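Chemist: Dropping a structure here in structure tokens format, bear with me for questions.
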Amino acid sequence: MSANFYRIAVVLGLLSAIGPFAIDMYLPALPTIGADLGASTAAVQMSLLIFFLATASGQIVVGPISDMVGRKKPLYFGLVLFMIGGVGAALSPTAEWLIGFRFVQGLGACAGMVVPRAVVRDLHTGVEAARLMSLLMLVFSVSPILAPLTGSFIIEAFGWRGVFWAVTAAALIAVILLATSLGETRPPELRAGSSLRSALAGYRFLLGDRNFLGLTAIGGFAISSFFVYLSNSSFVLIDHFGLSPKAYSAFFSINAVSFFAMAQATGLLARRFGLKRVVRAAVGGYAATMLLLLAVTAAGAGGLWVLAALLFVGYGFVGLVVPSTSVLAMDDHGAIAGTASALMGTLQLAIGALAMAVSGLFFDGTPLPMVAGIAICAATSFVLAQVTLSRRRAARLAEAPAE
């Protein structure tokens, strides 16, 4: 792979990581924010949930716009909006103001979530796209690995508001990188046929593509188990198990290392076995591990280290599922890559937001509701994979010429 290949992966990974930084860095502060603002646990969790909802809804608009005007302009606009939301969140006097500015911040973050996937599809397909996607995720892994630990140090030194000043500064750095290190990958001649009408037609087409929807949902439920973990883990690990914010950050980072380390194997495994076989094996291991964790926790035998070990294994499998399903879903939709990436991101974040909301309703301060939510997401992903990939194989056999 050329130096340019790696450079693109680094820039796209950092652009993609800006939004997750705004989540992961302030996770250790969730209990502190509630105490400081006099807000309930539900209100503090809403500041996380609203970010996901804003990011999901915004992608529907940003994706087609990136097909119409190119990839870079929406990224610039999103980063500026993200910075406005970050400054507002840092200055928020109440939980209601924080939730409002988190919504603005989420709208800004959506460009960094949707456009990099479209850029990958602009440049590559198949195994090469999987290799670039896995490298992008390697850079993206800086967020969940380092952000919680960095956030805990910032919180200790400057309070929770310092986190939002830090992510605003990170967005400014991303603007500089975008201007100096990434060229436009959607040339004017390809934009000519893109319009609001074509975007709506593209969405109608994609919503009728059962293979695209199936693959999107497989990845969506896989990553949703991580979202359930995001929204509940600080309360479970800090309040229930008694970890300090720094220890929580280290615990969180271990699972992120597993996810992104396995994601790097996607290209190699796809080249040897094919993407569909990788997905089948990964969702099987993912579901088996998370259901085992549920059984152990429900039986009352799941302590902190059992939880840590099984989450580490389970999220390793998720690291194979997410990039593989993204590449498979996007492969046939290069002409509307921005629209396809937007719909994929919106549906997956909507699934994640729903999973977080439902798990939050059952939260009782113990690990069981969180683990149950994770296991249900895993089992759903497994069932969807059996249906979607079997249907894809049957369709291919039906189209094959008779001997």
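Going through the structure tokens in order, the chains are called A, B, and so on, while each chain numbers its residues from 1 and the ligands are numbered from 1 in the order shown.
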Where in range 67-300 of chain A does DSSP assign alpha helix (DSSP H), given as an NGL selection string?

Modeler: :A and (67-69 or 72-90 or 95-123 or 126-140 or 142-158 or 161-181 or 188-191 or 196-207 or 210-234 or 245-263 or 266-273 or 275-298)

Chemist: Find the residues around Pro74 in chain A up to 9 Å (only C-alpha atoms counted), leave out those fewer than 2 positions away in its own chain, and share them as a PDB file with N, CA and C atoms, in the first residue's frame.

Modeler:
```
ATOM      1  N   VAL A  62     -26.933  15.206   5.078  1.00  0.00           N
ATOM      2  CA  VAL A  62     -25.533  15.420   4.701  1.00  0.00           C
ATOM      3  C   VAL A  62     -25.078  14.468   3.595  1.00  0.00           C
ATOM      4  N   GLY A  63     -25.505  13.215   3.651  1.00  0.00           N
ATOM      5  CA  GLY A  63     -25.069  12.243   2.653  1.00  0.00           C
ATOM      6  C   GLY A  63     -25.395  12.662   1.228  1.00  0.00           C
ATOM      7  N   ILE A  65     -26.169  15.608   0.132  1.00  0.00           N
ATOM      8  CA  ILE A  65     -25.494  16.873  -0.165  1.00  0.00           C
ATOM      9  C   ILE A  65     -24.052  16.622  -0.599  1.00  0.00           C
ATOM     10  N   SER A  66     -23.404  15.636   0.042  1.00  0.00           N
ATOM     11  CA  SER A  66     -22.020  15.329  -0.346  1.00  0.00           C
ATOM     12  C   SER A  66     -21.952  14.731  -1.749  1.00  0.00           C
ATOM     13  N   VAL A  69     -22.499  18.307  -3.923  1.00  0.00           N
ATOM     14  CA  VAL A  69     -21.526  19.405  -3.894  1.00  0.00           C
ATOM     15  C   VAL A  69     -20.096  18.931  -3.644  1.00  0.00           C
ATOM     16  N   GLY A  70     -19.893  17.649  -3.466  1.00  0.00           N
ATOM     17  CA  GLY A  70     -18.570  17.138  -3.147  1.00  0.00           C
ATOM     18  C   GLY A  70     -18.466  16.777  -1.679  1.00  0.00           C
ATOM     19  N   ARG A  71     -17.353  16.139  -1.340  1.00  0.00           N
ATOM     20  CA  ARG A  71     -17.202  15.602   0.011  1.00  0.00           C
ATOM     21  C   ARG A  71     -16.696  16.628   1.027  1.00  0.00           C
ATOM     22  N   LYS A  72     -15.895  17.612   0.584  1.00  0.00           N
ATOM     23  CA  LYS A  72     -15.199  18.461   1.546  1.00  0.00           C
ATOM     24  C   LYS A  72     -16.082  19.566   2.141  1.00  0.00           C
ATOM     25  N   TYR A  76     -16.487  20.668   6.166  1.00  0.00           N
ATOM     26  CA  TYR A  76     -16.180  21.976   6.753  1.00  0.00           C
ATOM     27  C   TYR A  76     -17.360  22.507   7.563  1.00  0.00           C
ATOM     28  N   PHE A  77     -18.552  22.457   6.964  1.00  0.00           N
ATOM     29  CA  PHE A  77     -19.739  22.979   7.643  1.00  0.00           C
ATOM     30  C   PHE A  77     -20.009  22.207   8.937  1.00  0.00           C
ATOM     31  N   GLY A  78     -19.893  20.887   8.866  1.00  0.00           N
ATOM     32  CA  GLY A  78     -20.150  20.068  10.044  1.00  0.00           C
ATOM     33  C   GLY A  78     -19.178  20.357  11.173  1.00  0.00           C
ATOM     34  N   LEU A  79     -17.911  20.533  10.848  1.00  0.00           N
ATOM     35  CA  LEU A  79     -16.915  20.791  11.884  1.00  0.00           C
ATOM     36  C   LEU A  79     -17.152  22.145  12.561  1.00  0.00           C
ATOM     37  N   ALA A 111     -21.442  14.807   9.757  1.00  0.00           N
ATOM     38  CA  ALA A 111     -20.657  14.837   8.519  1.00  0.00           C
ATOM     39  C   ALA A 111     -19.424  13.942   8.628  1.00  0.00           C
ATOM     40  N   GLY A 112     -18.781  13.984   9.793  1.00  0.00           N
ATOM     41  CA  GLY A 112     -17.605  13.137   9.994  1.00  0.00           C
ATOM     42  C   GLY A 112     -17.932  11.667  10.070  1.00  0.00           C
ATOM     43  N   VAL A 115     -19.472  11.054   5.634  1.00  0.00           N
ATOM     44  CA  VAL A 115     -18.676  11.370   4.446  1.00  0.00           C
ATOM     45  C   VAL A 115     -17.444  10.467   4.301  1.00  0.00           C
TER      46      VAL A 115
END
```

Chemist: Calculated over only C-alpha atoms, which of the candidates A:Ala385, A:Arg197, A:Leu15, A:Gly159 has the smallest distance to Gly284 in chain A?

Modeler: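 Distance minimum relative to Gly284 in chain A lands on A:Ala385.
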
Chemist: Can you pull out every residue within 12 Å of Val327 in chain A, counting only C-alpha atoms, but drop anything in the same chain fewer than 2 positions away, and send it as a PyMOL selection string?

Modeler: chain A and resi 117-118+120-121+124-134+212+215-216+219+266-267+270+274-276+279+320-325+329-334+337+340-341+344

Chemist: Calculated over only C-alpha atoms, which of the candidates A:Val11, A:Ala179, A:Ala39, A:Val236 has the smallest distance to Pro367 in chain A?

Modeler: A:Val236

Chemist: Of the candidates A:Ile336, A:Tyr286, A:Ser381, A:Ile84, which shows the shortest atom-to-atom distance to Tyr315 in chain A, using only C-alpha atoms?

Modeler: A:Tyr286

Chemist: From the options A:Leu146, A:Leu48, A:Ala3, A:Ile376, which residue's atoms come nearest to Gly106 in chain A, counting only C-alpha atoms?

Modeler: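 With only C-alpha atoms as the atom set, the closest residue is A:Leu48.
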
Chemist: So the first atom is CA of Leu53 in chain A and the second is CA of Ile176 in chain A; what is the distance between them in Å, to one decimal place?

Modeler: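 Interatomic distance, CA of Leu53 in chain A to CA of Ile176 in chain A: 27.4 Å.
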
Chemist: I want to know what sits within 7 Å of range 162-164 of chain A, based on only C-alpha atoms, with residues of the same chain fewer than 4 positions away left out; could you give that as a list of chain:residue names?

Modeler: A:Met25, A:Tyr26, A:Gly86, A:Val87, A:Ala89, A:Ala90, A:Gly151, A:Ile154, A:Ile155, A:Phe158, A:Thr168

Chemist: Let me see the file: selected residues, C-alpha atoms, as an mmCIF file, in the first residue's frame.

Modeler:
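And here is the file that came out, result_22.cif:
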```
data_model
loop_
_atom_site.group_PDB
_atom_site.id
_atom_site.type_symbol
_atom_site.label_atom_id
_atom_site.label_comp_id
_atom_site.auth_asym_id
_atom_site.auth_seq_id
_atom_site.Cartn_x
_atom_site.Cartn_y
_atom_site.Cartn_z
ATOM 1 C CA MET A 25 -14.156 11.796 26.652
ATOM 2 C CA TYR A 26 -17.071 12.790 28.855
ATOM 3 C CA GLY A 86 -18.943 22.308 21.907
ATOM 4 C CA VAL A 87 -18.564 25.890 23.147
ATOM 5 C CA ALA A 89 -21.997 22.684 26.017
ATOM 6 C CA ALA A 90 -18.946 23.945 27.904
ATOM 7 C CA GLY A 151 -11.106 12.796 29.595
ATOM 8 C CA ILE A 154 -9.029 16.711 31.928
ATOM 9 C CA ILE A 155 -11.977 16.304 34.302
ATOM 10 C CA PHE A 158 -10.376 21.365 34.753
ATOM 11 C CA THR A 168 -13.695 21.874 20.228
#
```
